[in-house]
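my_file32.pdb, holding PDB, C-alpha atoms:
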ATOM      1  CA  MET B 126      29.153 -32.969   3.565
ATOM      2  CA  SER B 127      29.950 -29.784   5.475
ATOM      3  CA  LEU B 128      27.954 -28.461   8.394
ATOM      4  CA  ALA B 129      26.767 -25.513   6.264
ATOM      5  CA  SER B 130      25.564 -27.867   3.521
ATOM      6  CA  GLY B 131      23.718 -30.008   6.051
ATOM      7  CA  SER B 132      22.023 -26.930   7.480
ATOM      8  CA  LEU B 133      20.967 -25.803   4.006
ATOM      9  CA  LEU B 134      19.490 -29.227   3.231
ATOM     10  CA  GLN B 135      17.565 -29.208   6.504
ATOM     11  CA  GLN B 136      16.160 -25.757   5.774
ATOM     12  CA  ALA B 137      15.151 -26.815   2.273
ATOM     13  CA  GLN B 138      13.410 -29.902   3.620
ATOM     14  CA  THR B 139      11.487 -27.822   6.168
ATOM     15  CA  THR B 140      10.335 -25.404   3.458
ATOM     16  CA  THR B 141       9.213 -28.359   1.322
ATOM     17  CA  TYR B 142       7.088 -29.663   4.210
ATOM     18  CA  PHE B 143       5.317 -26.293   4.404
ATOM     19  CA  ASN B 144       4.752 -26.285   0.639
ATOM     20  CA  VAL B 145       3.204 -29.750   0.720
ATOM     21  CA  ALA B 146       1.058 -28.757   3.704
ATOM     22  CA  SER B 147      -0.282 -25.717   1.842
ATOM     23  CA  ILE B 148      -1.432 -27.862  -1.099
ATOM     24  CA  VAL B 149      -3.013 -30.412   1.244
ATOM     25  CA  VAL B 150      -4.946 -27.630   3.025
ATOM     26  CA  LEU B 151      -6.028 -26.158  -0.305
ATOM     27  CA  VAL B 152      -7.337 -29.466  -1.649
ATOM     28  CA  HIS B 153      -9.003 -30.334   1.659
ATOM     29  CA  ASP B 154     -10.850 -27.023   1.729
ATOM     30  CA  TRP B 155     -11.972 -27.504  -1.878
ATOM     31  CA  PHE B 156     -13.583 -30.818  -0.945
ATOM     32  CA  LEU B 157     -15.268 -29.179   2.051
ATOM     33  CA  THR B 158     -16.826 -26.432  -0.071
ATOM     34  CA  ILE B 159     -17.542 -28.202  -3.355
ATOM     35  CA  ASP B 160     -21.287 -28.547  -2.610
ATOM     36  CA  SER B 161     -21.632 -24.809  -1.974
ATOM     37  CA  GLU B 162     -19.511 -24.060  -5.017
ATOM     38  CA  LEU B 163     -21.755 -26.152  -7.256
ATOM     39  CA  ALA B 164     -24.885 -24.483  -5.854
ATOM     40  CA  PHE B 165     -23.733 -20.864  -5.780
ATOM     41  CA  ILE B 166     -21.087 -20.646  -8.510
ATOM     42  CA  TRP B 167     -21.463 -23.197 -11.293
ATOM     43  CA  ASN B 168     -25.287 -23.234 -11.256
ATOM     44  CA  ALA B 169     -25.461 -19.433 -11.277
ATOM     45  CA  LYS B 170     -25.380 -16.950 -14.109
ATOM     46  CA  TRP B 171     -21.791 -16.029 -14.951
ATOM     47  CA  ASN B 172     -20.812 -12.476 -14.030
ATOM     48  CA  LEU B 173     -18.226 -10.568 -11.998
ATOM     49  CA  GLY B 174     -18.823 -12.577  -8.831
ATOM     50  CA  THR B 175     -18.269 -15.835 -10.689
ATOM     51  CA  PHE B 176     -15.014 -14.659 -12.245
ATOM     52  CA  LEU B 177     -13.736 -13.320  -8.931
ATOM     53  CA  TYR B 178     -14.403 -16.673  -7.316
ATOM     54  CA  ILE B 179     -12.646 -18.608 -10.082
ATOM     55  CA  LEU B 180      -9.663 -16.247 -10.054
ATOM     56  CA  THR B 181      -9.263 -16.421  -6.297
ATOM     57  CA  ARG B 182      -9.843 -20.174  -5.967
ATOM     58  CA  TYR B 183      -8.250 -22.036  -8.871
ATOM     59  CA  PRO B 184      -4.965 -20.290  -9.758
ATOM     60  CA  ALA B 185      -3.820 -21.185  -6.238
ATOM     61  CA  PHE B 186      -3.695 -24.843  -7.276
ATOM     62  CA  ILE B 187      -1.417 -23.961 -10.176
ATOM     63  CA  ASP B 188       1.035 -21.596  -8.505
ATOM     64  CA  THR B 189       1.481 -23.716  -5.382
ATOM     65  CA  ALA B 190       2.101 -26.752  -7.605
ATOM     66  CA  VAL B 191       4.671 -24.824  -9.646
ATOM     67  CA  TYR B 192       6.331 -23.673  -6.445
ATOM     68  CA  LEU B 193       6.354 -27.225  -5.092
ATOM     69  CA  TYR B 194       8.010 -28.458  -8.285
ATOM     70  CA  GLY B 195      10.925 -26.182  -7.493
ATOM     71  CA  ALA B 196      11.253 -27.977  -4.169
ATOM     72  CA  ILE B 197      10.876 -31.608  -5.280
ATOM     73  CA  GLY B 198      11.956 -31.665  -8.935
ATOM     74  CA  TYR B 199      15.169 -33.639  -9.307
ATOM     75  CA  ALA B 200      18.263 -32.207 -10.993
ATOM     76  CA  ILE B 201      16.578 -28.934 -11.971
ATOM     77  CA  PRO B 202      18.976 -26.748 -13.987
ATOM     78  CA  ILE B 203      19.705 -23.399 -12.371
ATOM     79  CA  PRO B 204      17.981 -21.348 -15.154
ATOM     80  CA  VAL B 205      14.866 -23.525 -14.851
ATOM     81  CA  CYS B 206      14.940 -23.151 -11.082
ATOM     82  CA  GLY B 207      15.075 -19.370 -11.397
ATOM     83  CA  LEU B 208      12.208 -19.451 -13.910
ATOM     84  CA  VAL B 209      10.075 -21.670 -11.649
ATOM     85  CA  MET B 210      10.602 -19.370  -8.683
ATOM     86  CA  ALA B 211       9.874 -16.268 -10.760
ATOM     87  CA  VAL B 212       6.680 -17.702 -12.301
ATOM     88  CA  SER B 213       5.356 -18.897  -8.956
ATOM     89  CA  GLY B 214       6.303 -15.593  -7.328
ATOM     90  CA  TRP B 215       4.428 -13.479  -9.872
ATOM     91  CA  MET B 216       1.458 -15.841  -9.727
ATOM     92  CA  PHE B 217       1.460 -15.533  -5.933
ATOM     93  CA  LEU B 218       1.382 -11.758  -6.289
ATOM     94  CA  PHE B 219      -1.540 -12.002  -8.721
ATOM     95  CA  GLY B 220      -3.399 -14.271  -6.292
ATOM     96  CA  PHE B 221      -2.805 -11.914  -3.380
ATOM     97  CA  GLY B 222      -4.148  -9.081  -5.520
ATOM     98  CA  ILE B 223      -7.363 -10.896  -6.450
ATOM     99  CA  SER B 224      -8.018 -11.734  -2.798
ATOM    100  CA  GLU B 225      -7.579  -8.088  -1.829
ATOM    101  CA  VAL B 226      -9.959  -7.062  -4.621
ATOM    102  CA  VAL B 227     -12.661  -9.243  -3.059
ATOM    103  CA  MET B 228     -12.053  -7.600   0.312
ATOM    104  CA  ALA B 229     -11.973  -4.117  -1.234
ATOM    105  CA  ILE B 230     -15.273  -4.629  -3.077
ATOM    106  CA  CYS B 231     -16.852  -5.691   0.200
ATOM    107  CA  VAL B 232     -15.552  -2.531   1.908
ATOM    108  CA  TRP B 233     -16.573  -0.303  -1.001
ATOM    109  CA  THR B 234     -20.086  -1.725  -0.964
ATOM    110  CA  MET B 235     -20.402  -1.280   2.799
ATOM    111  CA  TRP B 236     -19.474   2.371   2.307
ATOM    112  CA  GLY B 237     -22.263   2.870  -0.205
ATOM    113  CA  ARG B 238     -20.243   2.435  -3.407
ATOM    114  CA  THR B 239     -19.353   6.126  -3.433
ATOM    115  CA  ARG B 240     -17.010   7.528  -6.026
ATOM    116  CA  ARG B 241     -14.745   8.985  -3.344
ATOM    117  CA  MET B 242     -14.291   5.607  -1.677
ATOM    118  CA  ALA B 243     -13.720   3.922  -5.049
ATOM    119  CA  ILE B 244     -10.993   6.424  -5.932
ATOM    120  CA  SER B 245      -9.419   6.121  -2.472
ATOM    121  CA  LEU B 246      -9.334   2.329  -2.595
ATOM    122  CA  ALA B 247      -8.042   2.293  -6.167
ATOM    123  CA  THR B 248      -5.257   4.762  -5.280
ATOM    124  CA  LEU B 249      -4.263   2.707  -2.248
ATOM    125  CA  ALA B 250      -4.303  -0.518  -4.257
ATOM    126  CA  LEU B 251      -2.200   1.058  -7.002
ATOM    127  CA  ALA B 252       0.407   2.293  -4.509
ATOM    128  CA  VAL B 253       0.637  -1.120  -2.814
ATOM    129  CA  THR B 254       0.842  -2.860  -6.207
ATOM    130  CA  VAL B 255       3.739  -0.653  -7.326
ATOM    131  CA  VAL B 256       5.621  -1.333  -4.085
ATOM    132  CA  ALA B 257       4.923  -5.084  -4.320
ATOM    133  CA  VAL B 258       5.975  -5.310  -7.976
ATOM    134  CA  LEU B 259       9.209  -3.415  -7.344
ATOM    135  CA  GLY B 260       9.962  -5.495  -4.266
ATOM    136  CA  LEU B 261       9.330  -8.795  -6.007
ATOM    137  CA  HIS B 262      11.389  -7.722  -9.019
ATOM    138  CA  LYS B 263      14.257  -6.766  -6.725
ATOM    139  CA  HIS B 264      14.034 -10.096  -4.933
ATOM    140  CA  HIS B 265      14.111 -12.206  -8.094
ATOM    141  CA  SER B 266      16.806 -10.111  -9.774
ATOM    142  CA  SER B 267      19.116 -10.505  -6.769
ATOM    143  CA  ALA B 268      18.366 -14.120  -5.850
ATOM    144  CA  THR B 269      20.647 -16.929  -6.986
ATOM    145  CA  TYR B 270      19.870 -20.627  -6.712
ATOM    146  CA  ILE B 271      21.698 -23.862  -6.105
ATOM    147  CA  PRO B 272      20.515 -27.372  -7.108
ATOM    148  CA  LEU B 273      20.395 -29.438  -3.947
ATOM    149  CA  LYS B 274      21.848 -32.444  -5.776
ATOM    150  CA  ASP B 275      25.127 -30.513  -5.732
ATOM    151  CA  LEU B 276      25.068 -30.910  -1.953
ATOM    152  CA  HIS B 277      23.712 -34.446  -1.863
ATOM    153  CA  PRO B 278      23.065 -36.643  -4.917
ATOM    154  CA  ASN B 279      19.771 -38.007  -3.581
ATOM    155  CA  VAL B 280      18.160 -34.686  -2.640
ATOM    156  CA  PRO B 281      15.742 -33.130  -5.175
ATOM    157  CA  GLY B 282      14.836 -29.508  -5.724
ATOM    158  CA  CYS B 283      16.727 -26.266  -5.657
ATOM    159  CA  GLN B 284      17.201 -23.618  -2.993
ATOM    160  CA  THR B 285      18.094 -19.970  -2.702
ATOM    161  CA  ARG B 286      21.844 -19.658  -2.378
ATOM    162  CA  PRO B 287      22.946 -18.258   1.013
ATOM    163  CA  GLY B 288      24.067 -14.651   1.130
ATOM    164  CA  GLY B 289      21.319 -12.963  -0.914
ATOM    165  CA  THR B 290      19.293  -9.934   0.115
ATOM    166  CA  ARG B 291      16.184 -10.348   2.194
ATOM    167  CA  ASP B 292      14.764  -6.823   2.517
ATOM    168  CA  ALA B 293      12.732  -6.902  -0.709
ATOM    169  CA  LEU B 294      10.311  -9.591   0.461
ATOM    170  CA  PHE B 295      10.087  -7.845   3.811
ATOM    171  CA  ILE B 296       8.823  -4.728   2.025
ATOM    172  CA  ASP B 297       6.271  -6.785   0.091
ATOM    173  CA  PHE B 298       4.748  -8.320   3.200
ATOM    174  CA  ILE B 299       4.710  -4.964   4.997
ATOM    175  CA  ALA B 300       2.816  -3.458   2.055
ATOM    176  CA  LEU B 301       0.355  -6.361   2.022
ATOM    177  CA  ALA B 302      -0.243  -6.159   5.776
ATOM    178  CA  SER B 303      -0.725  -2.384   5.532
ATOM    179  CA  LEU B 304      -3.356  -2.736   2.826
ATOM    180  CA  GLU B 305      -5.247  -5.381   4.782
ATOM    181  CA  SER B 306      -5.123  -3.216   7.920
ATOM    182  CA  VAL B 307      -6.589  -0.204   6.120
ATOM    183  CA  LEU B 308      -9.364  -2.313   4.592
ATOM    184  CA  PHE B 309     -10.223  -3.822   7.950
ATOM    185  CA  ILE B 310     -10.292  -0.421   9.704
ATOM    186  CA  LEU B 311     -12.706   0.860   7.059
ATOM    187  CA  MET B 312     -14.852  -2.232   7.480
ATOM    188  CA  LEU B 313     -14.756  -1.973  11.286
ATOM    189  CA  SER B 314     -15.808   1.681  11.303
ATOM    190  CA  LYS B 315     -18.839   0.913   9.147
ATOM    191  CA  ALA B 316     -19.693  -2.141  11.232
ATOM    192  CA  VAL B 317     -19.681   0.025  14.379
ATOM    193  CA  GLN B 318     -22.045   2.431  12.657
ATOM    194  CA  HIS B 319     -24.357  -0.454  11.813
ATOM    195  CA  SER B 320     -24.271  -1.831  15.346
ATOM    196  CA  ARG B 321     -26.516   1.057  16.402
ATOM    197  CA  VAL B 322     -29.267   0.109  13.982
ATOM    198  CA  ARG B 323     -30.670  -3.008  12.353
ATOM    199  CA  SER B 324     -27.890  -4.262  10.125
ATOM    200  CA  SER B 325     -28.315  -6.144   6.889
ATOM    201  CA  THR B 326     -27.215  -9.722   6.460
ATOM    202  CA  PHE B 327     -24.655  -8.488   3.973
ATOM    203  CA  VAL B 328     -22.985  -6.179   6.501
ATOM    204  CA  LEU B 329     -22.917  -8.850   9.191
ATOM    205  CA  GLU B 330     -21.464 -11.480   6.846
ATOM    206  CA  CYS B 331     -18.929  -9.062   5.373
ATOM    207  CA  PHE B 332     -17.716  -8.003   8.800
ATOM    208  CA  ARG B 333     -17.718 -11.492  10.329
ATOM    209  CA  HIS B 334     -15.704 -13.051   7.519
ATOM    210  CA  GLY B 335     -13.617  -9.907   7.099
ATOM    211  CA  LEU B 336     -12.624 -10.186  10.761
ATOM    212  CA  ILE B 337     -11.554 -13.825  10.328
ATOM    213  CA  TYR B 338      -9.779 -12.919   7.074
ATOM    214  CA  TYR B 339      -7.870 -10.053   8.668
ATOM    215  CA  MET B 340      -6.884 -11.860  11.871
ATOM    216  CA  MET B 341      -5.561 -14.998  10.184
ATOM    217  CA  LEU B 342      -3.683 -13.214   7.422
ATOM    218  CA  SER B 343      -2.249 -10.608   9.783
ATOM    219  CA  ILE B 344      -0.824 -13.371  11.963
ATOM    220  CA  LEU B 345       0.733 -15.006   8.893
ATOM    221  CA  SER B 346       2.129 -11.657   7.714
ATOM    222  CA  VAL B 347       3.730 -11.001  11.108
ATOM    223  CA  PHE B 348       5.327 -14.453  11.121
ATOM    224  CA  ASN B 349       6.486 -13.995   7.526
ATOM    225  CA  ILE B 350       8.116 -10.677   8.338
ATOM    226  CA  ALA B 351       9.715 -12.122  11.489
ATOM    227  CA  VAL B 352      11.122 -15.090   9.569
ATOM    228  CA  ILE B 353      12.570 -12.829   6.878
ATOM    229  CA  LEU B 354      14.151 -10.449   9.384
ATOM    230  CA  ARG B 355      15.280 -12.903  12.070
ATOM    231  CA  GLY B 356      15.467 -16.310  10.427
ATOM    232  CA  ALA B 357      18.007 -17.762   8.063
ATOM    233  CA  HIS B 358      17.902 -16.308   4.569
ATOM    234  CA  GLU B 359      16.957 -19.704   3.162
ATOM    235  CA  PHE B 360      13.748 -19.534   5.242
ATOM    236  CA  SER B 361      12.602 -16.296   3.567
ATOM    237  CA  ASN B 362       9.950 -18.230   1.591
ATOM    238  CA  LEU B 363       8.988 -20.588   4.409
ATOM    239  CA  LEU B 364       5.425 -19.305   4.887
ATOM    240  CA  THR B 365       4.795 -17.762   1.482
ATOM    241  CA  SER B 366       2.833 -20.692   0.064
ATOM    242  CA  ILE B 367       0.840 -21.024   3.305
ATOM    243  CA  GLN B 368      -0.116 -17.354   3.155
ATOM    244  CA  ARG B 369      -1.041 -17.682  -0.522
ATOM    245  CA  THR B 370      -3.226 -20.691   0.282
ATOM    246  CA  PHE B 371      -5.121 -18.935   3.065
ATOM    247  CA  HIS B 372      -5.669 -15.850   0.915
ATOM    248  CA  ALA B 373      -7.338 -18.055  -1.674
ATOM    249  CA  ILE B 374      -9.359 -20.056   0.848
ATOM    250  CA  LEU B 375     -10.633 -17.134   2.916
ATOM    251  CA  SER B 376     -11.593 -14.881   0.011
ATOM    252  CA  ALA B 377     -13.348 -17.774  -1.776
ATOM    253  CA  ARG B 378     -15.233 -18.658   1.403
ATOM    254  CA  MET B 379     -16.224 -15.015   1.847
ATOM    255  CA  LEU B 380     -17.832 -15.021  -1.598
ATOM    256  CA  LEU B 381     -19.636 -18.295  -0.911
ATOM    257  CA  HIS B 382     -20.963 -17.115   2.456
ATOM    258  CA  LEU B 383     -22.191 -13.834   0.983
ATOM    259  CA  ARG B 384     -24.127 -15.725  -1.659
ATOM    260  CA  ARG B 385     -25.592 -18.097   0.900
ATOM    261  CA  ALA B 386     -26.563 -15.168   3.159
ATOM    262  CA  ALA B 387     -28.234 -13.429   0.237
ATOM    263  CA  HIS B 388     -30.234 -16.565  -0.496
ATOM    264  CA  GLN B 389     -31.462 -16.686   3.087
ATOM    265  CA  THR B 390     -32.328 -12.977   3.087
ATOM    266  CA  ARG B 391     -34.156 -12.459  -0.169
ATOM    267  CA  ARG B 392     -35.957 -14.567  -2.779
ATOM    268  CA  GLY B 393     -37.012 -13.007  -6.007
ATOM    269  CA  PRO B 394     -40.090 -13.878  -8.058
ATOM    270  CA  GLY B 395     -40.322 -16.896 -10.290
ATOM    271  CA  ASP B 396     -37.644 -19.549 -10.389
ATOM    272  CA  THR B 397     -34.713 -17.443  -9.250
ATOM    273  CA  PHE B 398     -33.561 -15.434  -6.317
ATOM    274  CA  SER B 399     -31.000 -12.651  -6.554
ATOM    275  CA  ILE B 400     -27.610 -12.683  -4.933
ATOM    276  CA  SER B 401     -25.282  -9.744  -4.943
ATOM    277  CA  LEU B 402     -22.805  -7.502  -3.232
ATOM    278  CA  ASP B 403     -24.950  -4.431  -3.901
ATOM    279  CA  VAL B 404     -26.319  -3.086  -0.622
ATOM    280  CA  GLY B 405     -29.004  -0.837  -1.955
ATOM    281  CA  MET B 406     -28.017   2.741  -2.603
ATOM    282  CA  ASP B 407     -31.280   4.095  -1.225
ATOM    283  CA  SER B 408     -30.282   2.791   2.175
ATOM    284  CA  TRP B 409     -27.004   4.693   2.020
ATOM    285  CA  ALA B 410     -28.407   8.127   1.293
ATOM    286  CA  GLY B 411     -25.662   9.912   3.205
ATOM    287  CA  PRO B 412     -24.040  10.292   6.589
ATOM    288  CA  ASN B 413     -27.333  11.379   8.129
ATOM    289  CA  GLY B 414     -29.552   9.218   5.967
ATOM    290  CA  PRO B 415     -30.916   5.794   6.778
ATOM    291  CA  ILE B 416     -28.423   2.961   6.991
ATOM    292  CA  SER B 417     -30.815   0.265   8.115
ATOM    293  CA  GLY B 418     -33.210  -1.812   6.109
ATOM    294  CA  VAL B 419     -30.486  -2.682   3.685
ATOM    295  CA  GLY B 420     -31.601  -6.274   3.361
ATOM    296  CA  ALA B 421     -34.540  -5.527   1.072
ATOM    297  CA  ALA B 422     -32.300  -4.131  -1.634
ATOM    298  CA  ALA B 423     -29.088  -5.830  -0.631
ATOM    299  CA  GLU B 424     -29.162  -8.697  -3.051
ATOM    300  CA  GLU B 425     -29.874  -7.162  -6.467
ATOM    301  CA  SER B 426     -27.005  -6.308  -8.797
ATOM    302  CA  HIS B 427     -24.682  -7.820 -11.331
ATOM    303  CA  LEU B 428     -21.674  -8.384  -9.081
ATOM    304  CA  LEU B 429     -22.911 -11.840  -8.186
ATOM    305  CA  SER B 430     -25.662 -13.812  -9.816
ATOM    306  CA  ASN B 431     -28.994 -15.613  -9.895
ATOM    307  CA  VAL B 432     -29.160 -19.189  -8.629
ATOM    308  CA  PRO B 433     -32.051 -21.469  -9.484
ATOM    309  CA  GLN B 434     -34.108 -22.311  -6.418
ATOM    310  CA  HIS B 435     -34.303 -25.987  -7.335
ATOM    311  CA  VAL B 436     -30.547 -26.147  -6.636
ATOM    312  CA  MET B 437     -31.153 -25.224  -3.027
ATOM    313  CA  ARG B 438     -34.111 -27.588  -2.675
ATOM    314  CA  SER B 439     -32.063 -30.565  -3.789
TER     315      SER B 439
END
Same coordinates, now as structure tokens:
Amino acid sequence: MSLASGSLLQQAQTTTYFNVASIVVLVHDWFLTIDSELAFIWNAKWNLGTFLYILTRYPAFIDTAVYLYGAIGYAIPIPVCGLVMAVSGWMFLFGFGISEVVMAICVWTMWGRTRRMAISLATLALAVTVVAVLGLHKHHSSATYIPLKDLHPNVPGCQTRPGGTRDALFIDFIALASLESVLFILMLSKAVQHSRVRSSTFVLECFRHGLIYYMMLSILSVFNIAVILRGAHEFSNLLTSIQRTFHAILSARMLLHLRRAAHQTRRGPGDTFSISLDVGMDSWAGPNGPISGVGAAAEESHLLSNVPQHVMRS
């Protein structure tokens, strides 16, 4: 076995370790949050918040598993390897998009759900989506794969063949990091405005978890870009599954914490209390209008749902 082949096998093994680690982290986090999920998701009325949670939490199990199959499946034919990488890649992109939708809804709500902000966010999201789709298409159309059993008969999986282009994925991660930066700046500016008055629980929770979301994912994006630009070409997907996993975990946790915060802030009459992302339009009358006292109206809309109180008593 040549030195180049040995290096390729070592790189493939390292990438596989990261893929396995991402699934372990994903499953571990699911066990940590299952009680909250049962209370705030499955025992609540199904609506937009429920679907957003499901779409950000559960497809991650599928696409990371598909991606892992490409790394550990034995004697995978080259066409199947290309298909596995393409399917997992497009599913990753879908998962990233859902996570950013959760963040964008939080920002839009903090800004009073104005039409101007909705149009601005939608335009930005559309531009980033077009760039990401074109970049991912370019990456998959130019990538070629090699079954690792061709290098060593006992090694499973397949790997990107050396010598391909790497700039397409670089563009994708730049676009993703740019979108997250804009969303965080918008969130930060509204949080600063609220720091001068009594802020609602919603604003505090959105900003606190948005800060964690932005910091962790920005660090991963920087490392991803650095690996693509400076590392070996075969390492171009080294952190992709990790970043996908943390997108799913952090956006799902944001939804759970917002529902829990709403429960602690407001209880409705009867057997239910309302939980929502709506921050009360009367509290956002305009730039000179009141922006405090949001909590009273903060938890009534159809974005999230009603949870029976007996669930929380148990």
Next item on the list: Enumerate, as a ChimeraX atom specification, the residues matched when the PyMOL selection byres ((chain B and resi 184-189) around 8) is run on the file above.
Entry: /B:144,147-148,151,179-183,190-193,212-213,216-217,220,366,369-370,373
Next item on the list: Name the residues in contact with B:Met228 at a cut-off of 12 Å, using only C-alpha atoms, excluding same-chain residues fewer than 2 positions from it; report them as a PyMOL selection string.
Entry: chain B and resi 177+181+221-226+230-235+246+250+304-312+331-332+334-339+372-373+375-380+383+402
Let me know the centre plus edge lengths, in Å and rounded to one decimal, of a box with edges along x, y and z that contains all listed atoms of stretch 134-148 of chain B and is padded by 4 Å on every side, as JSON.
{"center_x": 9.0, "center_y": -27.7, "center_z": 2.7, "size_x": 28.9, "size_y": 12.5, "size_z": 15.6}
Next item on the list: Figure out the distance between atom CA of B:Ile299 and atom CA of B:Ala316, please, to one decimal in Å.
Entry: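 So the answer is 25.3 Å.
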Check: Looking at B:Phe143, B:Cys206, B:Gln318, B:Asp154, which one is nearest to B:Trp236, with distances taken over only C-alpha atoms?
Finding: B:Gln318
Check: In Å, how far is it from atom CA of B:Gly174 to atom CA of B:Ile244?
Finding: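 Taking atom CA of B:Gly174 as the start and atom CA of B:Ile244 as the end point, the length is 20.8 Å.
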Item checked: Output check: residues returned by the PyMOL selection byres ((chain B and resi 264) around 8), as a PyMOL selection string -> chain B and resi 260-263+265-268+290-291+293-294
Notebook entry, point to check: atom CA of B:Ile166 and atom CA of B:His382 are how many Å apart?
Noted result: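 About the pair atom CA of B:Ile166 and atom CA of B:His382: they are 11.5 Å apart.
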Item checked: Polymer residues at most 7 Å from stretch 342-350 of chain B, all atoms listed in the file, same-chain spacing of 2 or more positions, as a list of chain:residue names ->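 Here the answer would be B:Phe295, B:Phe298, B:Ala302, B:Tyr338, B:Tyr339, B:Met340, B:Val352, B:Ile353, B:Leu354, B:Leu364, B:Gln368.
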Note to self: With distances taken over only C-alpha atoms, which residue among B:Pro202, B:Ile374, B:Ala137, B:Arg355 lies nearest B:Val152?
What the structure shows: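 Once distances to B:Val152 are computed over only C-alpha atoms, the minimum belongs to B:Ile374.
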Item checked: Nearest-residue call for B:Gly198, choices B:Ala247, B:Leu218, B:Leu134, B:Leu273, using all atoms listed in the file ->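 Going through B:Ala247, B:Leu218, B:Leu134, B:Leu273 one by one, the smallest distance to B:Gly198 is for B:Leu273.
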Check: Pick the closest to B:Gln138 from B:Val256, B:Thr248, B:Met341, B:Gly282: which is it, counting only C-alpha atoms?
Finding: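 Between B:Val256, B:Thr248, B:Met341, B:Gly282, the residue approaching B:Gln138 most closely is B:Gly282.
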Selection result for the PyMOL selection byres ((chain B and resi 162) around 12) on this file, as a compact mmCIF listing (two decimals) with C-alpha atoms, in the coordinates of the input:
# COMPACT_ATOMS: atom_id res chain seq x y z
CA ASP B 154 -10.85 -27.02 1.73
CA TRP B 155 -11.97 -27.50 -1.88
CA PHE B 156 -13.58 -30.82 -0.94
CA LEU B 157 -15.27 -29.18 2.05
CA THR B 158 -16.83 -26.43 -0.07
CA ILE B 159 -17.54 -28.20 -3.36
CA ASP B 160 -21.29 -28.55 -2.61
CA SER B 161 -21.63 -24.81 -1.97
CA LEU B 163 -21.76 -26.15 -7.26
CA ALA B 164 -24.88 -24.48 -5.85
CA PHE B 165 -23.73 -20.86 -5.78
CA ILE B 166 -21.09 -20.65 -8.51
CA TRP B 167 -21.46 -23.20 -11.29
CA ASN B 168 -25.29 -23.23 -11.26
CA ALA B 169 -25.46 -19.43 -11.28
CA THR B 175 -18.27 -15.84 -10.69
CA TYR B 178 -14.40 -16.67 -7.32
CA ILE B 179 -12.65 -18.61 -10.08
CA ARG B 182 -9.84 -20.17 -5.97
CA ALA B 377 -13.35 -17.77 -1.78
CA ARG B 378 -15.23 -18.66 1.40
CA MET B 379 -16.22 -15.02 1.85
CA LEU B 380 -17.83 -15.02 -1.60
CA LEU B 381 -19.64 -18.30 -0.91
CA HIS B 382 -20.96 -17.11 2.46
CA ARG B 384 -24.13 -15.72 -1.66
CA ARG B 385 -25.59 -18.10 0.90
CA VAL B 432 -29.16 -19.19 -8.63
CA VAL B 436 -30.55 -26.15 -6.64
CA MET B 437 -31.15 -25.22 -3.03
Margin query: Which residue is closest to B:Asp275? Choose from B:Thr254, B:Ile203, B:Val227, B:Met210 and count all atoms listed in the file.
Written below: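 Checking each candidate against B:Asp275, we get B:Ile203 as the closest.
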Next item on the list: For B:Pro281, work out the shell of residues within 7 Å, counting all atoms listed in the file and skipping chain neighbours fewer than 5 positions away, then give it as a ChimeraX atom specification.
Entry: /B:196-200,273-274
